[in-house]
Amino acid sequence: MKDKIAENILLLIAFSAILSLLLITFFIFQQGIPLIFKTGLHNFFSISWSPTKGGFGILSMIIGSLMVTAGALVVGIPFGLACAVFLAEFSSPTIQKTLKPIIELLAGIPSVVYGFIGIVILVPFIRETFGGPGFSVLAASIILGIMILPTIVSISYDSLLAVPNTYREGSYALGATKWQTVRMLLLHAARSGIVAGIILGMGRAIGETMAVIMIAGNALKIPGSLLDSVRTLTSTIALELGYAAGDHRAALFACGSILFIIIIILNIVAIRVTGRK
Amino acid sequence: MIIRTSNVNLYYHTFQALKHIDLAIKENLITGIIGPSGCGKSTLLRVFNRMNDLIDGVRITGSVVIDDEDIYSPFCDLTMLRKKVGMVFQRPNAFPLSIFDNVAYGPRVWGITDKKTLTEIVERSLAGVDLFGGLKDKLHHSALSLSSEQQQRLCIARLLAVEPEILLMDEPCSALDPIATGKIEELMFDLKKTYTIVIVTHNMQQAARIADDVGFMLLGELIEFDKARKIFTNPADERTFGYISGRFG
Ligand SMILES: Nc1ncnc2c1ncn2[C@@H]1O[C@H](COP(=O)(O)OP(=O)(O)O)[C@@H](O)[C@H]1O
Ligand SMILES: [Mg+2]
């Protein structure tokens with residue numbers, strides 16, 4: 001009898017979690033999508049964003065989001081993979097047991113702290129070394145690249161560990177060195193997991209808001225170089241929602257819808273890549 | 001004599017898995033190692049290409065000479081040794097790459113990048129294990145799509161591609177059905193012309209069918225080593241007799 005009650009309560013909780021997710025999704029789309037059609041696809045995907053005067057073109061923000069995300073990947077993939085390979089293949093169990101939790105801990109640091117570090121250290125460094133305002137695509141890319149490291153490292157590490165030892169033995173038995181084995185075999189064998197880690201990291205980068213607002217500069221134009229300031233979809237929503245009303249508010253929900261769609265696509269791709277083998 | 005061991009002892013930490021192994025393996029013959037499971041057959045085989053080096057806590061004493069070179073000397077080039085002494089494993093371990101890339105793996109490890117040379121090697125090696133005819137249009141399919149027997153053949157082809165002298169085979173047929181086993185055995189007869197083969201098996205009939213020399217192991221010791229006919233018809237040691245007449249195993 002008690003079991004039955006507990007079961008029902010758990011069911012109710014699970015159900016309400018799913019329900020609230022559906023409601024949020026519905027709400028965002030219901031608030032945002034009509035404006036896209038009202039503005040017209042052509043105008044919506046243009047660069048003129050002047051929401052108080054009825055200009056709702058979000059192209060520069062989409063490009064901004066994609067640029068910092070791509071930048072984050074350029075930083076995060078090589079470092080993340082190198083870390084994962086070092087941990088999984090070149091270090092002792094003791095080192096693995098110490099370092100892996102530490103790297104995963106990086107994921108728990110609040111993003112405002114990353115943003116703060118960016119403002120205090122990275123932005124001035126970029127300004128003094130390369131010129132420009134410092135608040136830039138480059139700064140956002142580096143900080144986001146660090147923020148997605150834990151995702152990439154831990155998923156790639158797990159999928160390297162999952163590669164059967166018989167493959168390694170087969171490779172060594174042909175005279176391959178450890179490094180050749182990693183490069184020619186293990187990275188291929190672990191590819192689906194690695195790709196999934198990268199895609200999830202990408203989702204994290206594109207959705208990140210606070211750190212990006214703090215260090216990207218948020219200027220409303222398509223950046224001409226890595227040292228230019230940039231504004232993303234997420235920053236726009238966070239910066240403007242406080243005072244937006246009417247169509248402007250709807251336009252921010254439309255931004256949210258676009259983000260939502262991008263992230264759903266990334267997740268589907270990630271699930272398919274890992275599920276395939 | 002292509003391989004000669006004298007007084008080889010091997011320890012996994014404190015457990016002694018090989019005891020005073022003295023044997024001499026002749027060129028271009030098939031040498032079978034038989035014995036009950038856990039007696040040290042795989043361990044002995046892995047002595048010859050130093051695969052035991054990969055296991056933590058392994059210690060080995062005595063000497064192993066292959067082609068007049070002491071393979072446990074500090075001057076031995078481990079990767080060269082493994083190129084010369086190739087190994088086929090108990091379960092086919094075709095890599096999760098294409099058929100072509102599996103066979104080209106070894107040559108690439110050894111620095112061959114020229115596409116034409118690689119293609120020649122791949123075709124020759126696959127032909128050497130009778131796979132080329134059936135697979136020549138499927139070279140870019142995943143190796144994991146092949147049957148177990150084909151995968152085991154592919155593993156042998158992968159080995160042939162690096163031009164070894166000695167093939168070590170650790171129960172290469174244990175994951176195969178009898179028909180596939182028969183085919184792999186035929187292949188071994190073919191390969192014997194060019195290579196020296198050392199095969200571990202706990203299947204006595206298999207050893208009787210294909211081996212020229214046979215060694216019988218028990219609890220880490222090499223009890224008896226002789227011509228196959230001698231071992232199977234008139235063994236010198238009563239423990240060998242007990243094993244081949246099925247008293248234990
Ligand atoms: N990695 C290892 N660590 C510790 N003991 C091992 C290891 N591998 C094998 N052994 C032990 O060594 C003995 C011989 O093993 P093995 O050579 O695999 O036997 P066989 O191939 O004849 O079945 C067994 O008692 C086994 O338990
Ligand atoms: Mg064995």
# chains A, B, ... in the order shown; residues from 1 in each chain; ligands from 1
$ residues_around --residues "A:Leu106" --least-positions-apart "2" --cutoff "10 Å" --atoms "only C-alpha atoms" --output "PDB file with C-alpha atoms, in the first residue's frame"
ATOM      1  CA  PRO A 101      36.783  15.057 -10.795  1.00  0.00           C
ATOM      2  CA  ILE A 102      38.736  18.301 -10.777  1.00  0.00           C
ATOM      3  CA  ILE A 103      37.984  18.891 -14.445  1.00  0.00           C
ATOM      4  CA  GLU A 104      34.357  18.017 -13.878  1.00  0.00           C
ATOM      5  CA  GLY A 108      30.107  23.580 -11.467  1.00  0.00           C
ATOM      6  CA  ILE A 109      31.655  27.046 -11.347  1.00  0.00           C
ATOM      7  CA  PRO A 110      28.890  29.641 -11.885  1.00  0.00           C
ATOM      8  CA  TYR A 114      33.938  32.922 -15.595  1.00  0.00           C
ATOM      9  CA  ILE A 146      37.156  26.873 -21.191  1.00  0.00           C
ATOM     10  CA  MET A 147      33.566  26.551 -20.035  1.00  0.00           C
ATOM     11  CA  ILE A 148      32.847  23.671 -22.429  1.00  0.00           C
ATOM     12  CA  LEU A 149      36.062  21.810 -21.556  1.00  0.00           C
ATOM     13  CA  PRO A 150      34.490  19.668 -18.810  1.00  0.00           C
ATOM     14  CA  THR A 151      31.770  18.434 -21.162  1.00  0.00           C
TER      15      THR A 151
END
$ interface_residues --of "chain B" --to "chain A" --cutoff "8 Å" --atoms "only C-alpha atoms" --output "list in words"
Asn49, Met51, Leu78, Thr79, Met80, Leu81, Arg82, Lys83, Gly86, Met87, Phe89, Asn93, Ala94, Phe95, Pro96, Leu97, Tyr105, Gly106, Val109, Trp110, Leu159 and Val162 of chain B
$ select_by_dssp --residues "stretch 48-270 of chain A" --states "alpha helix (DSSP H)" --output "number ranges by chain"
A: 59-90, 93-105, 111-117, 123-130, 137-147, 149-161, 165-173, 178-181, 187-189, 191-207, 210-216, 233-240, 246-270
$ residues_around --residues "A:Gly197" --least-positions-apart "2" --cutoff "7 Å" --atoms "only C-alpha atoms" --output "PDB file with N, CA, C and O atoms, in the first residue's frame"
ATOM      1  N   THR A 151      32.655  19.283 -20.368  1.00  0.00           N
ATOM      2  CA  THR A 151      31.770  18.434 -21.162  1.00  0.00           C
ATOM      3  C   THR A 151      32.579  17.609 -22.145  1.00  0.00           C
ATOM      4  O   THR A 151      32.445  16.382 -22.213  1.00  0.00           O
ATOM      5  N   ILE A 152      33.420  18.283 -22.925  1.00  0.00           N
ATOM      6  CA  ILE A 152      34.189  17.573 -23.946  1.00  0.00           C
ATOM      7  C   ILE A 152      35.134  16.560 -23.311  1.00  0.00           C
ATOM      8  O   ILE A 152      35.193  15.406 -23.721  1.00  0.00           O
ATOM      9  N   ILE A 155      33.156  13.442 -21.538  1.00  0.00           N
ATOM     10  CA  ILE A 155      32.504  12.502 -22.456  1.00  0.00           C
ATOM     11  C   ILE A 155      33.539  11.803 -23.356  1.00  0.00           C
ATOM     12  O   ILE A 155      33.461  10.600 -23.590  1.00  0.00           O
ATOM     13  N   SER A 156      34.540  12.550 -23.827  1.00  0.00           N
ATOM     14  CA  SER A 156      35.568  11.914 -24.674  1.00  0.00           C
ATOM     15  C   SER A 156      36.369  10.893 -23.872  1.00  0.00           C
ATOM     16  O   SER A 156      36.690   9.809 -24.358  1.00  0.00           O
ATOM     17  N   GLY A 193      31.386   8.983 -29.446  1.00  0.00           N
ATOM     18  CA  GLY A 193      31.319   9.633 -28.137  1.00  0.00           C
ATOM     19  C   GLY A 193      31.954  11.008 -28.156  1.00  0.00           C
ATOM     20  O   GLY A 193      31.435  11.958 -27.568  1.00  0.00           O
ATOM     21  N   ILE A 194      33.073  11.107 -28.849  1.00  0.00           N
ATOM     22  CA  ILE A 194      33.767  12.388 -28.912  1.00  0.00           C
ATOM     23  C   ILE A 194      32.893  13.433 -29.614  1.00  0.00           C
ATOM     24  O   ILE A 194      32.744  14.560 -29.135  1.00  0.00           O
ATOM     25  N   VAL A 195      32.289  13.015 -30.718  1.00  0.00           N
ATOM     26  CA  VAL A 195      31.426  13.949 -31.447  1.00  0.00           C
ATOM     27  C   VAL A 195      30.240  14.371 -30.572  1.00  0.00           C
ATOM     28  O   VAL A 195      29.881  15.552 -30.520  1.00  0.00           O
ATOM     29  N   ILE A 199      29.229  18.133 -29.496  1.00  0.00           N
ATOM     30  CA  ILE A 199      27.923  18.739 -29.785  1.00  0.00           C
ATOM     31  C   ILE A 199      27.264  19.248 -28.502  1.00  0.00           C
ATOM     32  O   ILE A 199      26.687  20.337 -28.480  1.00  0.00           O
ATOM     33  N   LEU A 200      27.382  18.471 -27.428  1.00  0.00           N
ATOM     34  CA  LEU A 200      26.803  18.945 -26.168  1.00  0.00           C
ATOM     35  C   LEU A 200      27.521  20.201 -25.687  1.00  0.00           C
ATOM     36  O   LEU A 200      26.899  21.139 -25.192  1.00  0.00           O
ATOM     37  N   GLY A 201      28.844  20.237 -25.870  1.00  0.00           N
ATOM     38  CA  GLY A 201      29.606  21.430 -25.526  1.00  0.00           C
ATOM     39  C   GLY A 201      29.140  22.624 -26.344  1.00  0.00           C
ATOM     40  O   GLY A 201      29.004  23.745 -25.842  1.00  0.00           O
TER      41      GLY A 201
END
$ residues_near_ligand --ligand "ligand 1" --cutoff "9 Å" --atoms "only C-alpha atoms and all ligand atoms" --output "PyMOL selection string"
chain B and resi 11-13+15-18+33-46+52+55-58+170-171+200-202+217-220
$ atom_distance --atom1 "atom CA of A:Ala162" --atom2 "atom CA of B:Ser174"
24.2 Å
$ residues_around --residues "B:Met204" --least-positions-apart "6" --cutoff "12 Å" --atoms "only C-alpha atoms" --output "VMD selection string"
chain B and resid 32 to 36 171 210 to 211 214 to 216 228 231 to 232 240 243 to 246 249
$ write_last_selection --atoms "N, CA and C atoms" --output "PDB file, in the first residue's frame"
ATOM      1  N   GLY B  32      52.554 -26.386 -32.301  1.00  0.00           N
ATOM      2  CA  GLY B  32      51.343 -26.258 -31.487  1.00  0.00           C
ATOM      3  C   GLY B  32      51.703 -26.287 -30.013  1.00  0.00           C
ATOM      4  N   ILE B  33      51.033 -25.431 -29.242  1.00  0.00           N
ATOM      5  CA  ILE B  33      51.199 -25.481 -27.788  1.00  0.00           C
ATOM      6  C   ILE B  33      49.855 -25.917 -27.220  1.00  0.00           C
ATOM      7  N   ILE B  34      49.842 -27.055 -26.514  1.00  0.00           N
ATOM      8  CA  ILE B  34      48.580 -27.525 -25.963  1.00  0.00           C
ATOM      9  C   ILE B  34      48.685 -27.611 -24.437  1.00  0.00           C
ATOM     10  N   GLY B  35      47.548 -27.793 -23.816  1.00  0.00           N
ATOM     11  CA  GLY B  35      47.524 -27.906 -22.358  1.00  0.00           C
ATOM     12  C   GLY B  35      46.209 -27.397 -21.840  1.00  0.00           C
ATOM     13  N   PRO B  36      45.854 -27.766 -20.620  1.00  0.00           N
ATOM     14  CA  PRO B  36      44.572 -27.325 -20.066  1.00  0.00           C
ATOM     15  C   PRO B  36      44.538 -25.816 -19.881  1.00  0.00           C
ATOM     16  N   GLU B 171      44.726 -19.436 -29.902  1.00  0.00           N
ATOM     17  CA  GLU B 171      43.404 -20.043 -30.095  1.00  0.00           C
ATOM     18  C   GLU B 171      42.614 -19.304 -31.162  1.00  0.00           C
ATOM     19  N   ILE B 210      47.174 -30.154 -37.548  1.00  0.00           N
ATOM     20  CA  ILE B 210      47.978 -29.168 -38.264  1.00  0.00           C
ATOM     21  C   ILE B 210      49.420 -29.029 -37.786  1.00  0.00           C
ATOM     22  N   ALA B 211      49.728 -29.442 -36.557  1.00  0.00           N
ATOM     23  CA  ALA B 211      51.052 -29.104 -36.030  1.00  0.00           C
ATOM     24  C   ALA B 211      52.118 -30.107 -36.448  1.00  0.00           C
ATOM     25  N   VAL B 214      54.834 -30.268 -31.296  1.00  0.00           N
ATOM     26  CA  VAL B 214      53.846 -29.936 -30.277  1.00  0.00           C
ATOM     27  C   VAL B 214      54.531 -29.845 -28.922  1.00  0.00           C
ATOM     28  N   GLY B 215      54.128 -28.810 -28.148  1.00  0.00           N
ATOM     29  CA  GLY B 215      54.584 -28.725 -26.766  1.00  0.00           C
ATOM     30  C   GLY B 215      53.395 -28.885 -25.848  1.00  0.00           C
ATOM     31  N   PHE B 216      53.553 -29.667 -24.803  1.00  0.00           N
ATOM     32  CA  PHE B 216      52.460 -29.840 -23.849  1.00  0.00           C
ATOM     33  C   PHE B 216      52.801 -29.116 -22.556  1.00  0.00           C
ATOM     34  N   ALA B 228      54.849 -33.885 -33.447  1.00  0.00           N
ATOM     35  CA  ALA B 228      53.446 -34.098 -33.111  1.00  0.00           C
ATOM     36  C   ALA B 228      53.118 -35.588 -33.053  1.00  0.00           C
ATOM     37  N   ILE B 231      54.206 -37.082 -29.803  1.00  0.00           N
ATOM     38  CA  ILE B 231      53.390 -36.655 -28.664  1.00  0.00           C
ATOM     39  C   ILE B 231      52.046 -37.383 -28.645  1.00  0.00           C
ATOM     40  N   PHE B 232      51.441 -37.510 -29.821  1.00  0.00           N
ATOM     41  CA  PHE B 232      50.081 -38.054 -29.835  1.00  0.00           C
ATOM     42  C   PHE B 232      50.033 -39.575 -29.877  1.00  0.00           C
ATOM     43  N   THR B 240      51.537 -36.150 -20.060  1.00  0.00           N
ATOM     44  CA  THR B 240      51.123 -35.897 -21.440  1.00  0.00           C
ATOM     45  C   THR B 240      50.128 -36.965 -21.875  1.00  0.00           C
ATOM     46  N   TYR B 243      46.784 -36.353 -20.459  1.00  0.00           N
ATOM     47  CA  TYR B 243      46.048 -35.249 -21.101  1.00  0.00           C
ATOM     48  C   TYR B 243      45.498 -35.676 -22.458  1.00  0.00           C
ATOM     49  N   ILE B 244      46.343 -36.280 -23.290  1.00  0.00           N
ATOM     50  CA  ILE B 244      45.853 -36.590 -24.638  1.00  0.00           C
ATOM     51  C   ILE B 244      44.849 -37.730 -24.619  1.00  0.00           C
ATOM     52  N   SER B 245      44.886 -38.550 -23.594  1.00  0.00           N
ATOM     53  CA  SER B 245      43.870 -39.603 -23.551  1.00  0.00           C
ATOM     54  C   SER B 245      42.635 -39.117 -22.779  1.00  0.00           C
ATOM     55  N   GLY B 246      42.648 -37.814 -22.463  1.00  0.00           N
ATOM     56  CA  GLY B 246      41.420 -37.203 -21.946  1.00  0.00           C
ATOM     57  C   GLY B 246      41.185 -37.418 -20.470  1.00  0.00           C
ATOM     58  N   GLY B 249      41.598 -32.028 -18.288  1.00  0.00           N
ATOM     59  CA  GLY B 249      41.677 -30.996 -19.302  1.00  0.00           C
ATOM     60  C   GLY B 249      40.435 -30.216 -19.222  1.00  0.00           C
TER      61      GLY B 249
END
$ residues_around --residues "A:Phe135" --least-positions-apart "2" --cutoff "9 Å" --atoms "only C-alpha atoms" --output "PDB file with all heavy atoms, in the first residue's frame"
ATOM      1  N   ILE A 119      36.598  39.522 -17.431  1.00  0.00           N
ATOM      2  CA  ILE A 119      36.706  40.989 -17.342  1.00  0.00           C
ATOM      3  C   ILE A 119      38.025  41.409 -16.695  1.00  0.00           C
ATOM      4  O   ILE A 119      38.700  42.328 -17.142  1.00  0.00           O
ATOM      5  CB  ILE A 119      35.532  41.565 -16.518  1.00  0.00           C
ATOM      6  CG1 ILE A 119      34.245  41.415 -17.316  1.00  0.00           C
ATOM      7  CG2 ILE A 119      35.788  43.025 -16.184  1.00  0.00           C
ATOM      8  CD1 ILE A 119      33.051  42.043 -16.635  1.00  0.00           C
ATOM      9  N   LEU A 122      41.267  38.559 -18.853  1.00  0.00           N
ATOM     10  CA  LEU A 122      41.370  38.306 -20.289  1.00  0.00           C
ATOM     11  C   LEU A 122      41.141  39.570 -21.123  1.00  0.00           C
ATOM     12  O   LEU A 122      41.907  39.866 -22.053  1.00  0.00           O
ATOM     13  CB  LEU A 122      40.359  37.220 -20.666  1.00  0.00           C
ATOM     14  CG  LEU A 122      40.507  36.644 -22.066  1.00  0.00           C
ATOM     15  CD1 LEU A 122      41.885  36.033 -22.242  1.00  0.00           C
ATOM     16  CD2 LEU A 122      39.428  35.608 -22.315  1.00  0.00           C
ATOM     17  N   VAL A 123      40.085  40.310 -20.780  1.00  0.00           N
ATOM     18  CA  VAL A 123      39.741  41.490 -21.581  1.00  0.00           C
ATOM     19  C   VAL A 123      40.890  42.512 -21.600  1.00  0.00           C
ATOM     20  O   VAL A 123      41.298  42.961 -22.681  1.00  0.00           O
ATOM     21  CB  VAL A 123      38.410  42.102 -21.090  1.00  0.00           C
ATOM     22  CG1 VAL A 123      38.198  43.488 -21.687  1.00  0.00           C
ATOM     23  CG2 VAL A 123      37.251  41.182 -21.451  1.00  0.00           C
ATOM     24  N   PRO A 124      41.432  42.880 -20.423  1.00  0.00           N
ATOM     25  CA  PRO A 124      42.572  43.816 -20.459  1.00  0.00           C
ATOM     26  C   PRO A 124      43.759  43.242 -21.232  1.00  0.00           C
ATOM     27  O   PRO A 124      44.439  43.963 -21.968  1.00  0.00           O
ATOM     28  CB  PRO A 124      42.946  43.998 -18.985  1.00  0.00           C
ATOM     29  CG  PRO A 124      41.814  43.464 -18.207  1.00  0.00           C
ATOM     30  CD  PRO A 124      41.044  42.528 -19.063  1.00  0.00           C
ATOM     31  N   ILE A 126      43.753  41.169 -23.773  1.00  0.00           N
ATOM     32  CA  ILE A 126      43.518  41.259 -25.215  1.00  0.00           C
ATOM     33  C   ILE A 126      43.645  42.714 -25.684  1.00  0.00           C
ATOM     34  O   ILE A 126      44.257  43.007 -26.710  1.00  0.00           O
ATOM     35  CB  ILE A 126      42.127  40.693 -25.573  1.00  0.00           C
ATOM     36  CG1 ILE A 126      42.137  39.171 -25.395  1.00  0.00           C
ATOM     37  CG2 ILE A 126      41.726  41.054 -26.994  1.00  0.00           C
ATOM     38  CD1 ILE A 126      40.803  38.508 -25.595  1.00  0.00           C
ATOM     39  N   ARG A 127      43.097  43.631 -24.904  1.00  0.00           N
ATOM     40  CA  ARG A 127      43.148  45.046 -25.266  1.00  0.00           C
ATOM     41  C   ARG A 127      44.606  45.512 -25.391  1.00  0.00           C
ATOM     42  O   ARG A 127      44.993  46.163 -26.353  1.00  0.00           O
ATOM     43  CB  ARG A 127      42.408  45.883 -24.215  1.00  0.00           C
ATOM     44  CG  ARG A 127      42.325  47.368 -24.558  1.00  0.00           C
ATOM     45  CD  ARG A 127      41.284  48.067 -23.696  1.00  0.00           C
ATOM     46  NE  ARG A 127      41.468  47.744 -22.287  1.00  0.00           N
ATOM     47  CZ  ARG A 127      40.466  47.419 -21.457  1.00  0.00           C
ATOM     48  NH1 ARG A 127      39.232  47.389 -21.878  1.00  0.00           N
ATOM     49  NH2 ARG A 127      40.722  47.130 -20.195  1.00  0.00           N
ATOM     50  N   GLY A 132      42.081  47.090 -29.882  1.00  0.00           N
ATOM     51  CA  GLY A 132      40.622  46.958 -29.855  1.00  0.00           C
ATOM     52  C   GLY A 132      40.106  47.137 -28.435  1.00  0.00           C
ATOM     53  O   GLY A 132      40.876  47.382 -27.510  1.00  0.00           O
ATOM     54  N   PRO A 133      38.792  46.969 -28.276  1.00  0.00           N
ATOM     55  CA  PRO A 133      38.189  47.222 -26.953  1.00  0.00           C
ATOM     56  C   PRO A 133      38.487  46.115 -25.932  1.00  0.00           C
ATOM     57  O   PRO A 133      38.265  46.328 -24.738  1.00  0.00           O
ATOM     58  CB  PRO A 133      36.685  47.271 -27.260  1.00  0.00           C
ATOM     59  CG  PRO A 133      36.517  46.443 -28.490  1.00  0.00           C
ATOM     60  CD  PRO A 133      37.777  46.594 -29.287  1.00  0.00           C
ATOM     61  N   VAL A 137      34.895  39.066 -29.666  1.00  0.00           N
ATOM     62  CA  VAL A 137      34.664  37.675 -30.070  1.00  0.00           C
ATOM     63  C   VAL A 137      35.752  36.793 -29.463  1.00  0.00           C
ATOM     64  O   VAL A 137      35.478  35.716 -28.927  1.00  0.00           O
ATOM     65  CB  VAL A 137      34.716  37.547 -31.610  1.00  0.00           C
ATOM     66  CG1 VAL A 137      34.521  36.101 -32.029  1.00  0.00           C
ATOM     67  CG2 VAL A 137      33.667  38.428 -32.259  1.00  0.00           C
ATOM     68  N   LEU A 138      36.990  37.280 -29.524  1.00  0.00           N
ATOM     69  CA  LEU A 138      38.112  36.492 -29.037  1.00  0.00           C
ATOM     70  C   LEU A 138      37.959  36.171 -27.553  1.00  0.00           C
ATOM     71  O   LEU A 138      38.084  35.014 -27.133  1.00  0.00           O
ATOM     72  CB  LEU A 138      39.425  37.249 -29.282  1.00  0.00           C
ATOM     73  CG  LEU A 138      40.699  36.504 -28.875  1.00  0.00           C
ATOM     74  CD1 LEU A 138      40.850  35.216 -29.676  1.00  0.00           C
ATOM     75  CD2 LEU A 138      41.934  37.393 -29.074  1.00  0.00           C
ATOM     76  N   ALA A 139      37.664  37.216 -26.758  1.00  0.00           N
ATOM     77  CA  ALA A 139      37.518  37.001 -25.319  1.00  0.00           C
ATOM     78  C   ALA A 139      36.396  36.009 -25.032  1.00  0.00           C
ATOM     79  O   ALA A 139      36.560  35.066 -24.250  1.00  0.00           O
ATOM     80  CB  ALA A 139      37.240  38.329 -24.617  1.00  0.00           C
ATOM     81  N   ALA A 140      35.245  36.207 -25.707  1.00  0.00           N
ATOM     82  CA  ALA A 140      34.108  35.315 -25.468  1.00  0.00           C
ATOM     83  C   ALA A 140      34.453  33.890 -25.886  1.00  0.00           C
ATOM     84  O   ALA A 140      34.119  32.926 -25.197  1.00  0.00           O
ATOM     85  CB  ALA A 140      32.887  35.815 -26.237  1.00  0.00           C
ATOM     86  N   MET A 214      29.081  39.645 -20.145  1.00  0.00           N
ATOM     87  CA  MET A 214      30.114  40.370 -19.414  1.00  0.00           C
ATOM     88  C   MET A 214      31.356  40.660 -20.257  1.00  0.00           C
ATOM     89  O   MET A 214      32.049  41.647 -20.027  1.00  0.00           O
ATOM     90  CB  MET A 214      30.505  39.585 -18.147  1.00  0.00           C
ATOM     91  CG  MET A 214      29.385  39.565 -17.108  1.00  0.00           C
ATOM     92  SD  MET A 214      29.682  38.394 -15.766  1.00  0.00           S
ATOM     93  CE  MET A 214      30.905  39.276 -14.807  1.00  0.00           C
ATOM     94  N   ILE A 215      31.656  39.800 -21.242  1.00  0.00           N
ATOM     95  CA  ILE A 215      32.945  39.972 -21.924  1.00  0.00           C
ATOM     96  C   ILE A 215      32.865  40.179 -23.420  1.00  0.00           C
ATOM     97  O   ILE A 215      33.883  40.406 -24.070  1.00  0.00           O
ATOM     98  CB  ILE A 215      33.880  38.759 -21.666  1.00  0.00           C
ATOM     99  CG1 ILE A 215      33.172  37.483 -22.079  1.00  0.00           C
ATOM    100  CG2 ILE A 215      34.341  38.742 -20.244  1.00  0.00           C
ATOM    101  CD1 ILE A 215      33.990  36.251 -21.835  1.00  0.00           C
ATOM    102  N   ALA A 216      31.661  40.085 -24.009  1.00  0.00           N
ATOM    103  CA  ALA A 216      31.611  40.148 -25.470  1.00  0.00           C
ATOM    104  C   ALA A 216      31.421  41.570 -25.986  1.00  0.00           C
ATOM    105  O   ALA A 216      31.569  41.832 -27.169  1.00  0.00           O
ATOM    106  CB  ALA A 216      30.508  39.241 -26.001  1.00  0.00           C
ATOM    107  N   GLY A 217      31.074  42.512 -25.110  1.00  0.00           N
ATOM    108  CA  GLY A 217      30.921  43.892 -25.543  1.00  0.00           C
ATOM    109  C   GLY A 217      29.528  44.241 -26.016  1.00  0.00           C
ATOM    110  O   GLY A 217      29.087  45.368 -25.897  1.00  0.00           O
ATOM    111  N   ASN A 218      28.816  43.283 -26.603  1.00  0.00           N
ATOM    112  CA  ASN A 218      27.405  43.416 -26.950  1.00  0.00           C
ATOM    113  C   ASN A 218      27.065  44.486 -27.981  1.00  0.00           C
ATOM    114  O   ASN A 218      25.928  44.949 -28.044  1.00  0.00           O
ATOM    115  CB  ASN A 218      26.555  43.646 -25.687  1.00  0.00           C
ATOM    116  CG  ASN A 218      26.829  42.590 -24.634  1.00  0.00           C
ATOM    117  OD1 ASN A 218      26.980  41.422 -24.966  1.00  0.00           O
ATOM    118  ND2 ASN A 218      26.943  43.009 -23.395  1.00  0.00           N
ATOM    119  N   LEU A 227      38.606  40.787 -32.902  1.00  0.00           N
ATOM    120  CA  LEU A 227      38.806  41.749 -31.820  1.00  0.00           C
ATOM    121  C   LEU A 227      37.622  42.684 -31.661  1.00  0.00           C
ATOM    122  O   LEU A 227      37.583  43.514 -30.759  1.00  0.00           O
ATOM    123  CB  LEU A 227      40.082  42.558 -32.087  1.00  0.00           C
ATOM    124  CG  LEU A 227      41.342  41.689 -32.145  1.00  0.00           C
ATOM    125  CD1 LEU A 227      42.555  42.514 -32.531  1.00  0.00           C
ATOM    126  CD2 LEU A 227      41.571  40.990 -30.818  1.00  0.00           C
ATOM    127  N   ASP A 228      36.625  42.538 -32.565  1.00  0.00           N
ATOM    128  CA  ASP A 228      35.435  43.376 -32.455  1.00  0.00           C
ATOM    129  C   ASP A 228      34.482  42.834 -31.399  1.00  0.00           C
ATOM    130  O   ASP A 228      34.467  41.641 -31.109  1.00  0.00           O
ATOM    131  CB  ASP A 228      34.699  43.422 -33.800  1.00  0.00           C
ATOM    132  CG  ASP A 228      35.373  44.378 -34.766  1.00  0.00           C
ATOM    133  OD1 ASP A 228      36.320  45.071 -34.330  1.00  0.00           O
ATOM    134  OD2 ASP A 228      34.971  44.400 -35.932  1.00  0.00           O
ATOM    135  N   SER A 229      33.682  43.757 -30.902  1.00  0.00           N
ATOM    136  CA  SER A 229      32.661  43.382 -29.944  1.00  0.00           C
ATOM    137  C   SER A 229      31.531  42.649 -30.677  1.00  0.00           C
ATOM    138  O   SER A 229      31.359  42.804 -31.882  1.00  0.00           O
ATOM    139  CB  SER A 229      32.207  44.672 -29.278  1.00  0.00           C
ATOM    140  OG  SER A 229      30.901  44.566 -28.871  1.00  0.00           O
ATOM    141  N   VAL A 230      30.769  41.849 -29.926  1.00  0.00           N
ATOM    142  CA  VAL A 230      29.760  41.011 -30.562  1.00  0.00           C
ATOM    143  C   VAL A 230      28.567  40.842 -29.640  1.00  0.00           C
ATOM    144  O   VAL A 230      28.696  40.925 -28.422  1.00  0.00           O
ATOM    145  CB  VAL A 230      30.373  39.639 -30.929  1.00  0.00           C
ATOM    146  CG1 VAL A 230      30.814  38.899 -29.689  1.00  0.00           C
ATOM    147  CG2 VAL A 230      29.418  38.793 -31.744  1.00  0.00           C
TER     148      VAL A 230
END
$ atom_distance --atom1 "atom CA of A:Met67" --atom2 "atom CA of A:Ile262"
14.2 Å
$ select_by_dssp --residues "stretch 108-203 of chain B" --states "strand (DSSP E or B)" --output "list in words"
Ser142, Ile166, Leu167, Leu168, Met169, Asp170, Thr196, Ile197, Val198, Ile199 and Val200 of chain B
$ residues_around --residues "stretch 132-134 of chain B" --least-positions-apart "4" --cutoff "12 Å" --atoms "only C-alpha atoms" --output "list of chain:residue names"
B:Ile99, B:Phe100, B:Val103, B:Thr119, B:Glu120, B:Ile121, B:Val122, B:Glu123, B:Arg124, B:Ser125, B:Leu126, B:Ala127, B:Gly128, B:Lys138, B:Leu139, B:Leu146, B:Gln150, B:Arg153, B:Leu154, B:Ala157
$ residues_around --residues "stretch 33-36 of chain A" --least-positions-apart "5" --cutoff "8 Å" --atoms "only C-alpha atoms" --output "list in words"
Leu41, Phe44, Asp247, Ala250, Ala251, Phe253, Ala254 and Ser257 of chain A
$ closest_residue --among "B:Asn7, B:Asn203, B:Thr194, B:Asn102" --to "ligand 2" --atoms "only C-alpha atoms and all ligand atoms"
B:Asn203
